[in-house]
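To start, the structure itself, in structure tokens.
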Amino acid sequence: MKASKIFLVAASMSMSAAAIAAGAHDGGHGAGSGEPGKASEASRTITVEMYDNYYDPEEISVKPGETVRFMVENKGKLVHEFNVGTPDMHEAHQEEMMMMVEHGVIQGGKLNHDMMNMDMGNGHSMKHDDPNSVLLEPGQSKEVVWKFSEKGNIEFACNVPGHYQAGMYGEVNFE
Ligand SMILES: [Cu+2]
């Protein structure tokens with residue numbers, strides 16, 4: 001079980017370099033999955049509960065152009081992420097998350113907040129504050145407001161190493 005998971009993570013890391021290169025040509029981060037939304041324009045609120053390792057609900061339906069307010073709650077015992085993106089984006093993001101685990105930022109059921117704010121020496125930190133995602137400790141909840149600008153191949157997913165592979169992702173269906 002463990003060996004096969006390590007293999008999957010390694011495989012996704014080697015493919016993600018190509019995914020990042022491809023992403024640079026179509027607008028980079030966030031392209032293809034929509035854009036940050038305004039809470040005042042949200043048509044409804046969807047509560048998403050995160051468990052070890054799955055979401056409830058496991059899929060959602062939206063209309064093209066719809067802005068949705070997600071209320072994300074971590075009801076599991078591990079750190080989980082709710083991230084809206086294309087499968088390629090998730091694959092690329094899994095490499096960053098792997099680094100966060102290697103640096104001790106994500107420790108099972110805890111986040112090292114001091115480490116998250118630290119400058120990595122290149123002006124970037126591991127803060128993980130992209131508008132399309134939240135990273136939560138057990139018991140925490142936060143909202144994500146997202147506009148599904150147009151139809152696309154979009155999933156919400158947890159990119160903590162091993163979680164996506166264990167099935168922690170859900171489909172966004174367009175009506
Ligand atoms: Cu997870």
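Ligands are numbered from 1 in the order shown, residues from 1 within each chain, and chains are lettered A, B, ... in the order they appear in the structure tokens.
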Could you go through chain A and tell me which residues DSSP, when run on the backbone, assigns to alpha helix (DSSP H), listing them as number ranges by chain?
A: 2-25, 87-102, 113-117
When DSSP is applied to the backbone of this structure, which of chain A are assigned strand (DSSP E or B)? Write them out as an MDAnalysis selection string.
chainID A and resid 35:36 44:51 54:56 59:62 66:74 80:85 106:107 110:111 119 125 133:136 141:148 155:157 169:174
Taking only residues of range 103-147 of chain A that have an atom at most 7 Å from an atom of range 29-43 of chain A, what is each one's shortest atom pair and its distance in Å to one decimal, using only C-alpha atoms, in chain and number order, as CSV?
residue,atom,partner,partner_atom,distance
A:Pro131,CA,A:Pro36,CA,6.0
A:Asn132,CA,A:Pro36,CA,6.7
A:Val145,CA,A:Gly37,CA,5.0
A:Trp146,CA,A:Gly37,CA,4.4
A:Lys147,CA,A:Gly37,CA,4.8
Within 6 Å of ligand 1, counting only C-alpha atoms and all ligand atoms, which protein or nucleic acid residues do you find, written as a ChimeraX atom specification?
/A:53,80-81,158,160,163
Go ahead and save the residues from that selection, with N, CA and C atoms, as a PDB file, in the first residue's frame.
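File produced: again.pdb:
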ATOM      1  N   ASN A  53     -10.300  10.203   3.651  1.00  0.00           N
ATOM      2  CA  ASN A  53      -9.903  11.261   2.739  1.00  0.00           C
ATOM      3  C   ASN A  53     -10.965  11.431   1.650  1.00  0.00           C
ATOM      4  N   HIS A  80      -6.349  19.110   5.500  1.00  0.00           N
ATOM      5  CA  HIS A  80      -6.888  18.903   4.155  1.00  0.00           C
ATOM      6  C   HIS A  80      -6.989  20.231   3.416  1.00  0.00           C
ATOM      7  N   GLU A  81      -7.002  20.091   2.091  1.00  0.00           N
ATOM      8  CA  GLU A  81      -7.110  21.248   1.224  1.00  0.00           C
ATOM      9  C   GLU A  81      -8.380  21.168   0.394  1.00  0.00           C
ATOM     10  N   CYS A 158      -7.940  17.808  -2.972  1.00  0.00           N
ATOM     11  CA  CYS A 158      -6.992  17.958  -1.879  1.00  0.00           C
ATOM     12  C   CYS A 158      -5.648  17.458  -2.375  1.00  0.00           C
ATOM     13  N   VAL A 160      -2.766  17.464  -0.605  1.00  0.00           N
ATOM     14  CA  VAL A 160      -1.857  16.956   0.418  1.00  0.00           C
ATOM     15  C   VAL A 160      -1.380  15.588  -0.104  1.00  0.00           C
ATOM     16  N   HIS A 163      -3.472  12.170  -0.797  1.00  0.00           N
ATOM     17  CA  HIS A 163      -4.918  12.315  -0.625  1.00  0.00           C
ATOM     18  C   HIS A 163      -5.681  12.265  -1.951  1.00  0.00           C
TER      19      HIS A 163
END
Set out as JSON lines a contact list for range 73-172 of chain A and range 62-69 of chain A with a cut-off of 8 Å, giving each residue of range 73-172 of chain A that qualifies its closest atom pair and distance in Å to one decimal, counting only C-alpha atoms, ordered by chain and rising residue number.
{"residue": "A:Glu143", "atom": "CA", "partner": "A:Arg69", "partner_atom": "CA", "distance": 6.8}
{"residue": "A:Val144", "atom": "CA", "partner": "A:Arg69", "partner_atom": "CA", "distance": 5.9}
{"residue": "A:Val145", "atom": "CA", "partner": "A:Arg69", "partner_atom": "CA", "distance": 4.4}
{"residue": "A:Trp146", "atom": "CA", "partner": "A:Thr67", "partner_atom": "CA", "distance": 5.5}
{"residue": "A:Lys147", "atom": "CA", "partner": "A:Thr67", "partner_atom": "CA", "distance": 4.1}
{"residue": "A:Phe148", "atom": "CA", "partner": "A:Gly65", "partner_atom": "CA", "distance": 5.2}
{"residue": "A:Ser149", "atom": "CA", "partner": "A:Gly65", "partner_atom": "CA", "distance": 4.2}
{"residue": "A:Glu150", "atom": "CA", "partner": "A:Pro64", "partner_atom": "CA", "distance": 4.8}
{"residue": "A:Lys151", "atom": "CA", "partner": "A:Pro64", "partner_atom": "CA", "distance": 5.7}
{"residue": "A:Val172", "atom": "CA", "partner": "A:Val62", "partner_atom": "CA", "distance": 7.1}
What separates CA of Tyr169 in chain A and CA of His124 in chain A is a distance of 27.1 Å
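Counting only C-alpha atoms and comparing A:Met100, A:Ile154, A:Val48, A:Met89, the residue that lies closest to Lys75 in chain A is A:Val48.
The residue set within 12 Å of Asp114 in chain A, counting only C-alpha atoms and dropping same-chain residues fewer than 6 places from it, reads His103, Gly104, Val105, Ile106, Ser125, Met126 and Lys127 of chain A.
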Point out the residue among A:Gln94, A:Val134, A:Gly85, A:Val79 with the least atom-to-atom distance to Gly109 in chain A, counting only C-alpha atoms.
A:Val79
Can you pull out every residue within 7 Å of Gly170 in chain A, counting only C-alpha atoms, but drop anything in the same chain fewer than 4 positions away, and send it as a VMD selection string?
chain A and resid 58 to 59 155 to 157
